[in-house]
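Visitor: If it helps, the file is called work28.cif and holds mmCIF, C-alpha atoms:
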```cif
data_query
loop_
_atom_site.group_PDB
_atom_site.id
_atom_site.type_symbol
_atom_site.label_atom_id
_atom_site.label_comp_id
_atom_site.auth_asym_id
_atom_site.auth_seq_id
_atom_site.Cartn_x
_atom_site.Cartn_y
_atom_site.Cartn_z
ATOM 1 C CA MET A 1 112.494 47.201 174.311
ATOM 2 C CA LYS A 2 112.848 49.578 171.397
ATOM 3 C CA GLY A 3 115.223 48.563 168.623
ATOM 4 C CA ILE A 4 117.801 50.914 167.155
ATOM 5 C CA LYS A 5 117.956 51.426 163.410
ATOM 6 C CA PHE A 6 121.307 50.649 161.825
ATOM 7 C CA THR A 7 122.113 51.572 158.235
ATOM 8 C CA TYR A 8 124.592 49.152 156.667
ATOM 9 C CA GLU A 9 125.207 51.376 153.630
ATOM 10 C CA ASN A 10 126.989 54.019 155.725
ATOM 11 C CA ASN A 11 127.598 51.980 158.896
ATOM 12 C CA SER A 12 125.719 54.279 161.226
ATOM 13 C CA PHE A 13 123.137 54.038 163.985
ATOM 14 C CA GLU A 14 120.036 56.193 163.809
ATOM 15 C CA PRO A 15 118.755 56.129 167.419
ATOM 16 C CA ASP A 16 116.144 58.833 166.839
ATOM 17 C CA LYS A 17 114.327 56.879 164.127
ATOM 18 C CA GLU A 18 111.528 54.485 164.958
ATOM 19 C CA ILE A 19 112.113 50.942 163.734
ATOM 20 C CA THR A 20 109.394 48.438 162.887
ATOM 21 C CA GLU A 21 109.499 44.710 163.596
ATOM 22 C CA LEU A 22 109.963 44.154 159.868
ATOM 23 C CA GLU A 23 112.999 46.478 159.796
ATOM 24 C CA GLU A 24 114.414 44.753 162.884
ATOM 25 C CA LEU A 25 114.040 41.402 161.128
ATOM 26 C CA LYS A 26 115.777 42.716 158.021
ATOM 27 C CA GLN A 27 118.670 44.079 160.123
ATOM 28 C CA TRP A 28 118.988 40.765 161.979
ATOM 29 C CA ILE A 29 119.162 38.798 158.712
ATOM 30 C CA GLN A 30 121.750 41.172 157.257
ATOM 31 C CA LEU A 31 123.865 40.860 160.419
ATOM 32 C CA LEU A 32 123.533 37.061 160.359
ATOM 33 C CA ILE A 33 124.830 36.952 156.788
ATOM 34 C CA ILE A 34 127.800 39.318 157.225
ATOM 35 C CA THR A 35 128.954 37.836 160.551
ATOM 36 C CA GLU A 36 131.550 35.104 160.330
ATOM 37 C CA LYS A 37 130.399 32.092 162.341
ATOM 38 C CA ASP A 38 132.335 31.363 165.572
ATOM 39 C CA LYS A 39 134.579 34.418 165.151
ATOM 40 C CA TYR A 40 133.049 36.682 167.802
ATOM 41 C CA LYS A 41 132.391 35.416 171.320
ATOM 42 C CA ILE A 42 129.456 37.803 171.748
ATOM 43 C CA TYR A 43 127.364 35.617 169.415
ATOM 44 C CA ASN A 44 126.359 32.044 170.159
ATOM 45 C CA SER A 45 127.737 29.219 168.019
ATOM 46 C CA GLU A 46 124.596 29.153 165.859
ATOM 47 C CA PHE A 47 124.838 32.798 164.742
ATOM 48 C CA GLY A 48 126.672 33.788 161.582
ATOM 49 C CA MET A 49 127.585 32.124 158.332
ATOM 50 C CA ASP A 50 130.606 30.147 157.169
ATOM 51 C CA PHE A 51 131.019 29.243 153.528
ATOM 52 C CA SER A 52 134.773 28.630 153.543
ATOM 53 C CA ASP A 53 134.339 24.866 153.275
ATOM 54 C CA ILE A 54 132.251 25.333 150.129
ATOM 55 C CA THR A 55 134.260 28.007 148.358
ATOM 56 C CA SER A 56 137.693 26.547 149.134
ATOM 57 C CA TYR A 57 137.045 23.432 147.064
ATOM 58 C CA ARG A 58 136.750 23.193 143.305
ATOM 59 C CA LEU A 59 133.076 22.398 143.362
ATOM 60 C CA PRO A 60 130.878 23.317 140.423
ATOM 61 C CA ARG A 61 129.301 26.750 140.887
ATOM 62 C CA SER A 62 125.809 25.213 140.841
ATOM 63 C CA VAL A 63 126.734 23.009 143.817
ATOM 64 C CA GLN A 64 128.222 25.963 145.704
ATOM 65 C CA VAL A 65 125.169 28.153 145.091
ATOM 66 C CA SER A 66 122.788 25.351 146.051
ATOM 67 C CA GLU A 67 124.601 24.737 149.351
ATOM 68 C CA ILE A 68 124.795 28.453 150.180
ATOM 69 C CA ILE A 69 121.041 28.766 149.598
ATOM 70 C CA ARG A 70 120.369 25.735 151.799
ATOM 71 C CA ARG A 71 122.476 27.145 154.652
ATOM 72 C CA LEU A 72 121.008 30.635 154.363
ATOM 73 C CA LYS A 73 117.462 29.314 154.401
ATOM 74 C CA ARG A 74 118.086 27.010 157.370
ATOM 75 C CA SER A 75 119.823 29.699 159.438
ATOM 76 C CA ILE A 76 117.190 32.350 158.782
ATOM 77 C CA VAL A 77 114.157 30.113 159.381
ATOM 78 C CA GLN A 78 115.600 28.525 162.535
ATOM 79 C CA GLY A 79 117.080 31.691 164.009
ATOM 80 C CA ALA A 80 114.633 34.499 163.322
ATOM 81 C CA ASP A 81 111.270 35.196 164.869
ATOM 82 C CA HIS A 82 108.349 35.809 162.507
ATOM 83 C CA VAL A 83 109.933 33.973 159.545
ATOM 84 C CA VAL A 84 107.676 31.465 157.817
ATOM 85 C CA ASP A 85 109.763 30.733 154.710
ATOM 86 C CA VAL A 86 112.676 31.947 152.601
ATOM 87 C CA LYS A 87 112.152 31.635 148.856
ATOM 88 C CA ASP A 88 112.717 33.003 145.349
ATOM 89 C CA PHE A 89 116.523 32.902 145.482
ATOM 90 C CA THR A 90 118.399 34.359 142.536
ATOM 91 C CA PHE A 91 122.143 34.594 142.182
ATOM 92 C CA ASP A 92 123.743 37.123 139.857
ATOM 93 C CA ARG A 93 127.296 38.480 139.803
ATOM 94 C CA GLY A 94 128.109 37.305 143.297
ATOM 95 C CA LYS A 95 124.931 38.674 144.891
ATOM 96 C CA PHE A 96 121.874 36.834 146.170
ATOM 97 C CA THR A 97 118.350 38.170 146.133
ATOM 98 C CA PHE A 98 115.648 36.366 148.073
ATOM 99 C CA THR A 99 112.278 36.862 149.722
ATOM 100 C CA VAL A 100 111.636 36.293 153.409
ATOM 101 C CA VAL A 101 108.004 35.383 154.090
ATOM 102 C CA THR A 102 106.892 36.594 157.519
ATOM 103 C CA ASP A 103 103.878 36.305 159.766
ATOM 104 C CA LEU A 104 103.864 40.107 160.142
ATOM 105 C CA GLY A 105 101.697 40.630 157.078
ATOM 106 C CA GLU A 106 104.553 41.700 154.806
ATOM 107 C CA ASP A 107 107.417 39.963 153.061
ATOM 108 C CA VAL A 108 110.995 41.237 152.913
ATOM 109 C CA VAL A 109 113.114 41.189 149.766
ATOM 110 C CA LEU A 110 116.848 41.223 150.518
ATOM 111 C CA HIS A 111 119.836 41.775 148.218
ATOM 112 C CA VAL A 112 123.090 40.510 149.731
#
```
Would it be possible to restate this file's structure as structure tokens?

Guide:
Amino acid sequence: MKGIKFTYENNSFEPDKEITELEELKQWIQLLIITEKDKYKIYNSEFGMDFSDITSYRLPRSVQVSEIIRRLKRSIVQGADHVVDVKDFTFDRGKFTFTVVTDLGEDVVLHV
């Protein structure tokens, strides 16, 4: 089955463009992160992220960031094909950058 390229920057599908397995993986991870867990019945209960229990309490920022990283890493490694590891997390001005190590011969750097 051929995947369809989706561009999050302008919220549009590009059905005429070929998409690689690496691009499919990147799209899946981006969708996982922006989808609120248990909000949409189309996704199973393991898909999506929920950080409301972390951010709603007055926890130190370092604790919040550490827990968000732990949840992101666990969800990506357990849910995505071809992912070997998730590493090199940085957090700056509300945005995370991290590297997804794959068995496809290339790594993916994401900024979310």

Visitor: Residues around (115.6, 36.7, 147.0), cut-off 7 Å, counting all atoms listed in the file - what are they as a list in words?

Guide: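 Output of the proximity query reads Lys87, Asp88, Phe89, Thr90, Phe96, Thr97, Phe98, Thr99, Val109, Leu110 and His111 of chain A.
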
Visitor: So which residues touch segment 19-35 of chain A within 6 Å, counting all atoms listed in the file, skipping near sequence neighbours fewer than 4 positions away, as a VMD selection string?

Guide: chain A and resid 5 48 to 49

Visitor: Could you give me, as a PyMOL selection string, the residues that sit within 12 Å of (114.5, 57.3, 166.6) in the file's coordinates, counting all atoms listed in the file?

Guide: chain A and resi 2-6+13-20

Visitor: For Ser45 of chain A, which residue out of A:Val84, A:Thr7, A:Ser75, A:Leu59 is the nearest one, using all atoms listed in the file?

Guide: A:Ser75

Visitor: Can you turn the PyMOL selection byres ((chain A and resi 79) around 10) into a concrete residue list for this file, as a list of chain:residue names?

Guide: A:Trp28, A:Ile29, A:Leu32, A:Glu46, A:Phe47, A:Lys73, A:Arg74, A:Ser75, A:Ile76, A:Val77, A:Gln78, A:Ala80, A:Asp81, A:His82, A:Val83

Visitor: Report, in Å to a single decimal, how far apart atom CA of Ser52 of chain A and atom CA of Lys39 of chain A are.

Guide: 13.0 Å

Visitor: One number please: atom CA of Phe51 of chain A to atom CA of Asp103 of chain A, in Å, one decimal.

Guide: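 Computing the Euclidean distance for atom CA of Phe51 of chain A and atom CA of Asp103 of chain A yields 28.7 Å.
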
Visitor: Report the centre and edge lengths, in Å to one decimal, of an axis-aligned box enclosing every atom of segment 61-70 of chain A listed in the file, padded by 6 Å on each side, as JSON.

Guide:
```
{"center_x": 124.8, "center_y": 25.9, "center_z": 146.3, "size_x": 20.9, "size_y": 17.8, "size_z": 23.0}
```

Visitor: Just to confirm, what's the straight-line distance from atom CA of Lys37 of chain A to atom CA of Thr55 of chain A in Å (one decimal)?

Guide: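 Interatomic distance, atom CA of Lys37 of chain A to atom CA of Thr55 of chain A: 15.1 Å.
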
Visitor: Restricting the calculation to only C-alpha atoms, which member of A:Asn11, A:Tyr43, A:Ser56, A:Asp85 is positioned closest to Val101 of chain A?

Guide: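 Ranked by minimum distance to Val101 of chain A, first place goes to A:Asp85.
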
Visitor: Rank nothing, just name the residue among A:Asp38, A:Asp92, A:Glu9, A:Glu106 nearest to Arg61 of chain A, using all atoms listed in the file.

Guide: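 The shortest atom-to-atom distance to Arg61 of chain A comes from A:Asp92.
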
Visitor: Nearest residue to Gln64 of chain A out of A:Ser12, A:Val86, A:Phe91, A:Val112, using all atoms listed in the file?

Guide: A:Phe91
